[in-house]
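Q: Here it is: the structure, laid out below.
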Amino acid sequence: MENIRVRIAPSPSGNLHVGTARTALFNYLFAKKNNGKFVLRIEDTDLERSNEAYTQNIYDSLKALGLNWDEGPDVGGQYGPYQQSERFDIYPKYVQKLIESGHAYECFCTTEELEAEKEEAIANKKAYIYSEKCRNLTPEQRAKYIAEGRKPVVRFAVPKDREIVFNDLVKGELKFDSNLIGDFVIQKSNNTPTYNFAVVIDDMEMKISHIIRGEDHISNTAKQILIYEALGAEVPKFGHLGMILATDRSKLSKRHGATAVSDFVKQGYLTEALVNFVALLGWAPSDGEEIKTVDAIAADFDITKISSSNSVFEYDKLNWMNGQYIKKMDIKELTEKIKPYIEEAYNINELTPAQLEHMVEVTREPLTILSDIVKDIPFFFGEDVEFEGTVKEDVLATETSQKVLNKVLEDVDGWDFNNLEDLHEKLGELRTFFKEQGIKPKETMWAIRAAITGRTHGADISAVINIIGKDKFTNRIKKALIS
RNA sequence: GCCCUGUUGGUGAAGCGGCUAACACAUCUGACUUUCUAUCAGACAUUCAAGGGUUCAAGUCCCUUACAGGGUACCA
């Protein structure tokens with residue numbers, strides 16, 4: 001069996017986008033499933049837009065998602081360098097090879113000349129295709145242009161009347177007519193390669209066997225196949241994934257909210273949930289079980305079964321999934337992850353590590369993202385409570401509430417505040433006591449909850465009491481009484 | 001304009017010529033509860049973009065149209 005090698009080739013002109021993350025994931029899954037290698041190549045040829053910080057962000061995001069690469073700029077490998085800017089010296093010899101074999105030629109046309117061609121094509125309502133006027137220059141013409149100081153680009157000589165056919169792993173058979181492809185530039189006038197040329201050379205040298213990427217590259221594929229063939233290289237297999245769209249069916253962009261993996265993480269999404277969610281965009285588990293680890297997904301993965309259409313990035317489902325992961329996460333790990341959000345809003349030192357963990361444990365349930373916890377826990381900190389809405393007037397000030405609170409104050413010395421079980425029991429007794437007087441258990445609890453948290457909903461009350469302790473508890477009850 | 005791809009419910013999707021179109025999110029209803037959440041029990045596409053054709057039989061195959069996305073650069 002041939003060696004399976006796949007790659008992800010992001011350009012560091014921004015933080016790692018979720019779309020790129022999904023492409024990386026599918027490559028990773030494919031490699032895992034087929035015992036292949038997953039290669040990371042940084043395409044930083046566009047020096048204007050590339051930036052070291054983005055490269056770092058790509059590394060960090062990929063690692064956080066658990067998509068570890070076997071070869072890459074940082075870990076090396078036998079087909080390096082893996083950073084395109086360090087590969088500039090290897091392209092010219094291939095360009096030369098193509099010129100010598102008649103597959104490419106120098107073109108001296110100026111931007112103005114090209115513009116004129118384009119305008120004419122538009123005026124005639126025809127598709128613009130380069131005129132090929134430099135394809136067969138005489139040595140004299142060439143010399144003349146060079147004497148004029150014109151810097152040539154190198155164009156690929158696209159063969160006529162060729163049907164370029166390839167079997168896409170996800171889309172099926174795709175056909176292109178070579179007559180519709182103009183002679184495209186492979187080397188710019190500053191002697192650097194264009195994207196279409198550089199990828200082919202890199203993928204070829206890195207022995208990439210399967211190219212899995214977004215469908216925005218479909219039309220490039222025809223050009224790239226032509227280059228592989230001209231070079232006498234083996235053409236890899238291609239698989240083109242549908243795009244990820246926003247809810248309004250436009251491309252997912254910043255105005256829709258977070259788009260970079262690191263943005264999601266900052267907001268409090270778990271990377272485990274994020275990869276899981278993104279895997280479900282275009283792929284469906286064979287057993288219907290959607291919540292799965294990357295390893296489980298890899299075992300079930302089949303590139304051939306990926307949906308060939310675009311899919312919408314639905315935040316609702318991501319939120320649900322993130323909530324599922326929060327509920328199931330190990331409490332110690334969760335506490336560590338959620339701590340920064342708490343620290344940012346409150347004086348975390350008011351709680352012992354054990355109390356902190358307990359608090360996280362009892363407030364985790366309704367969370368969809370980690371940062372949500374902040375709004376659910378203000379009453380664990382400080383002496384006083386802030387009352388939400390009309391809680392003070394509508395809940396606390398009622399006759400029944402006051403009755404309940406008075407009773408609580410009478411009993412409180414008999415409560416063991418360090419014993420959660422006991423608190424639970426005492427509250428139960430309180431409920432039955434008032435129930436016999438015709439007060440609903442709900443109302444009894446509301447009174448206490450309102451007094452100590454300032455709201456009518458939240459975590460389990462006995463746990464809250466247990467965490468804040470006797471002093472805070474009694475003080476707050478006293479303050480809630482209208483004497 | 002031209003080229004390529006796609007279209008199953010609000011969303012992700014299963015379905016690969018043959019029973020009442022899986023499953024999940026969202027939504028709604030009910031139960032439970034110490035509130036919110038969670039959980040549990042239900043409801044939710046007479047129909048697969050529209051129209052035509054092939055077939056005993058079509059979401060599944062073919063054609064046309066519509067719509068959407070991508071490409072058409074000395075950007076990647």
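Chain lettering (A, B, ...) mirrors the order of the structure tokens, residue numbering begins at 1 for each chain separately, and ligand numbering begins at 1 in order of display.
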Check every residue of chain B for an atom within 6 Å of chain A, counting only C-alpha atoms (C1' of nucleotides), and provide those that qualify as an NGL selection string.

A: :B and (1-2 or 6 or 23 or 25 or 34-37 or 70-71 or 74)

Q: From a backbone DSSP assignment, name each residue in stretch 143-309 of chain A labelled alpha helix (DSSP H), as a ChimeraX atom specification.

A: /A:143-147,195-205,218-230,261-267,271-279,294-300

Q: Based on the selection just made, write C-alpha atoms of those residues as an mmCIF file, in the first residue's frame.

A:
```cif
data_model
loop_
_atom_site.group_PDB
_atom_site.id
_atom_site.type_symbol
_atom_site.label_atom_id
_atom_site.label_comp_id
_atom_site.auth_asym_id
_atom_site.auth_seq_id
_atom_site.Cartn_x
_atom_site.Cartn_y
_atom_site.Cartn_z
ATOM 1 C CA ALA A 143 16.320 40.816 -26.540
ATOM 2 C CA LYS A 144 14.444 43.995 -27.293
ATOM 3 C CA TYR A 145 12.167 43.642 -24.291
ATOM 4 C CA ILE A 146 15.060 42.881 -22.020
ATOM 5 C CA ALA A 147 16.943 45.895 -23.339
ATOM 6 C CA TYR A 195 0.494 30.099 -5.180
ATOM 7 C CA ASN A 196 -0.582 27.545 -7.763
ATOM 8 C CA PHE A 197 2.988 26.739 -8.614
ATOM 9 C CA ALA A 198 4.374 26.727 -5.094
ATOM 10 C CA VAL A 199 1.742 24.330 -3.769
ATOM 11 C CA VAL A 200 2.403 21.841 -6.488
ATOM 12 C CA ILE A 201 6.149 21.889 -5.937
ATOM 13 C CA ASP A 202 5.768 21.700 -2.176
ATOM 14 C CA ASP A 203 3.204 18.937 -2.232
ATOM 15 C CA MET A 204 5.284 17.041 -4.733
ATOM 16 C CA GLU A 205 8.497 17.373 -2.765
ATOM 17 C CA ILE A 218 -11.547 23.249 -7.147
ATOM 18 C CA SER A 219 -10.743 25.331 -10.186
ATOM 19 C CA ASN A 220 -7.116 25.590 -9.159
ATOM 20 C CA THR A 221 -6.945 21.833 -9.256
ATOM 21 C CA ALA A 222 -7.092 21.705 -13.035
ATOM 22 C CA LYS A 223 -4.101 24.017 -13.313
ATOM 23 C CA GLN A 224 -2.221 22.107 -10.700
ATOM 24 C CA ILE A 225 -2.791 18.776 -12.385
ATOM 25 C CA LEU A 226 -1.351 20.248 -15.562
ATOM 26 C CA ILE A 227 1.789 21.247 -13.680
ATOM 27 C CA TYR A 228 2.195 17.823 -12.096
ATOM 28 C CA GLU A 229 1.914 16.235 -15.504
ATOM 29 C CA ALA A 230 4.341 18.623 -17.149
ATOM 30 C CA VAL A 261 -10.334 29.090 17.229
ATOM 31 C CA SER A 262 -8.602 31.260 19.803
ATOM 32 C CA ASP A 263 -11.599 33.592 19.937
ATOM 33 C CA PHE A 264 -13.853 30.694 20.789
ATOM 34 C CA VAL A 265 -11.467 29.522 23.461
ATOM 35 C CA LYS A 266 -11.323 32.989 24.944
ATOM 36 C CA GLN A 267 -15.101 33.093 25.155
ATOM 37 C CA THR A 271 -11.591 22.725 22.407
ATOM 38 C CA GLU A 272 -12.963 19.199 22.756
ATOM 39 C CA ALA A 273 -16.444 20.507 22.008
ATOM 40 C CA LEU A 274 -15.192 22.672 19.195
ATOM 41 C CA VAL A 275 -13.486 19.855 17.253
ATOM 42 C CA ASN A 276 -16.425 17.581 17.868
ATOM 43 C CA PHE A 277 -18.843 20.178 16.567
ATOM 44 C CA VAL A 278 -16.799 21.068 13.544
ATOM 45 C CA ALA A 279 -16.446 17.382 12.646
ATOM 46 C CA VAL A 294 -11.386 12.729 18.000
ATOM 47 C CA ASP A 295 -10.073 9.175 18.234
ATOM 48 C CA ALA A 296 -13.555 7.715 18.036
ATOM 49 C CA ILE A 297 -14.326 9.933 15.077
ATOM 50 C CA ALA A 298 -11.141 8.860 13.349
ATOM 51 C CA ALA A 299 -12.087 5.209 13.724
ATOM 52 C CA ASP A 300 -15.425 5.871 12.061
#
```

Q: I want to know what sits within 6 Å of stretch 40-49 of chain B, based on only C-alpha atoms (C1' of nucleotides), with residues of the same chain fewer than 4 positions away left out; could you give that as number ranges by chain?

A: B: 8-9, 59

Q: Between A:Val408, A:Ala157, A:Ile377, A:Ala450, single out the one closest to A:Leu430, counting only C-alpha atoms.

A: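 Between A:Val408, A:Ala157, A:Ile377, A:Ala450, the residue approaching A:Leu430 most closely is A:Val408.
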
Q: Please indicate the distance in Å from atom CA of A:His256 to atom CA of A:Gly19, rounded to one decimal place.

A: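 About the pair atom CA of A:His256 and atom CA of A:Gly19: they are 13.7 Å apart.
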
Q: If you run DSSP on this backbone, which residues of stretch 215-405 of chain A come out as strand (DSSP E or B), and could you give them as a PyMOL selection string?

A: chain A and resi 237-241+244-245+251+260+311-312

Q: From the list A:Leu420, A:Ala397, A:Ala447, A:Val6, which residue is nearest A:Lys237 when using only C-alpha atoms?

A: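 Smallest separation from A:Lys237 among the options: A:Val6.
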
Q: Work out how far apart atom CA of A:Leu169 and atom C1' of B:U5 are and give it in Å to one decimal.

A: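 Pair atom CA of A:Leu169 / atom C1' of B:U5 returns 13.8 Å.
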
Q: What's the 9 Å shell around A:Tyr28, counting only C-alpha atoms (C1' of nucleotides), without same-chain residues fewer than 6 positions away, as a PyMOL selection string?

A: chain A and resi 6-8+36-39+67-69+298
